[in-house]
Structure formats: structure tokens, C-alpha cells
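For reference, the structure discussed in these notes is given below.
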Amino acid sequence: MEFPLLCGRFTADETEHLIGQFVKVKTEFHRKKIELVAHSENEIRHSEKRIKELEEKMNDVIELIKSGGYKHVAINARLIFEFCPDNHNV
């Protein structure tokens, strides 16, 4: 199943704001996972690594927009859901 989450043309400021909000939500997800769910050192390291990657990519995109002097950015973001049988965790 495909879910078109964000499709459109946005100003550079709007783009920076949208990216920031998406990264904020995802990093909060990982922080909560570390606090409440992570039971192993590997899970904690994975979440910490993913937070760092998200923040770095966000900064890369923002820097590219600013250094290129772009006034508008087209964003096409979609979620693709692949449903897994419950027995894969057994």
C-alpha cells in the first residue's frame, strides 16, 4: 500500500521547516524507543546511529538549499507499507 505523504513545491523556508518537523518526529520516536523499549545495547546503538544519520542528512539538505540559493524545492515523499505476517517474530 502506498501513502503519498507530501507532494508539492515549497519555499526554501517551508522546506527547511517541513524537513525539521519530520526529523523531529523520527528522532523522538528513536529517543522514546531507547527510553522505553530498548532491551539490548545493539538496539540502543542502532537508534542512536539512526538519530545521528537523520540529523546529518537534514543538515546536508538544508545546506544544499542555502548554498545553491534555491527559492523553491519540490518534495515528493511517500510511505510504502509492506505488511508482514505476525509469525516472523516467533
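Chain lettering (A, B, ...) mirrors the order of the C-alpha cells, residue numbering begins at 1 for each chain separately, and ligand numbering begins at 1 in order of display.
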>> Please return, as a ChimeraX atom specification, all residues of chain A that DSSP assigns to helix (DSSP H, G or I) on the basis of the backbone.
In response: /A:12-37,41-68,86-89
>> Could you list, as a PyMOL selection string, every residue within 9 Å of Ala74 (chain A), counting only C-alpha atoms and ignoring same-chain residues fewer than 4 positions away?
In response: chain A and resi 7-11+15
May I have the selected residues written with C-alpha atoms, as a PDB file, in the first residue's frame?
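Output file result37.pdb is given in full below:
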ATOM      1  CA  CYS A   7       3.908  16.154  -2.713  1.00  0.00           C
ATOM      2  CA  GLY A   8       4.369  19.722  -3.800  1.00  0.00           C
ATOM      3  CA  ARG A   9       6.521  22.770  -4.325  1.00  0.00           C
ATOM      4  CA  PHE A  10       7.609  24.688  -1.251  1.00  0.00           C
ATOM      5  CA  THR A  11       9.681  27.752  -0.482  1.00  0.00           C
ATOM      6  CA  THR A  15      11.141  23.091   3.093  1.00  0.00           C
TER       7      THR A  15
END
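Taking CA of Ser47 (chain A) and CA of Ile75 (chain A) as endpoints, the distance between them is 25.7 Å.
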> What's the 9 Å shell around region 52-61 of chain A, counting only C-alpha atoms, without same-chain residues fewer than 5 positions away, as a ChimeraX atom specification?
Replying inline: /A:16,19-20,23-24,26-27,47,66
> With only C-alpha atoms as the atoms that count, which of A:Leu79, A:Cys84, A:Leu64, A:Ile51 lies nearest to Phe3 (chain A)?
Replying inline: A:Leu79
>> So the first atom is CA of Ile34 (chain A) and the second is CA of Asp86 (chain A); what is the distance between them in Å, to one decimal place?
In response: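 CA of Asp86 (chain A) lies 23.3 Å from CA of Ile34 (chain A).
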> Do you have the CA of Gln21 (chain A)-CA of Lys49 (chain A) distance handy?
Replying inline: 18.9 Å
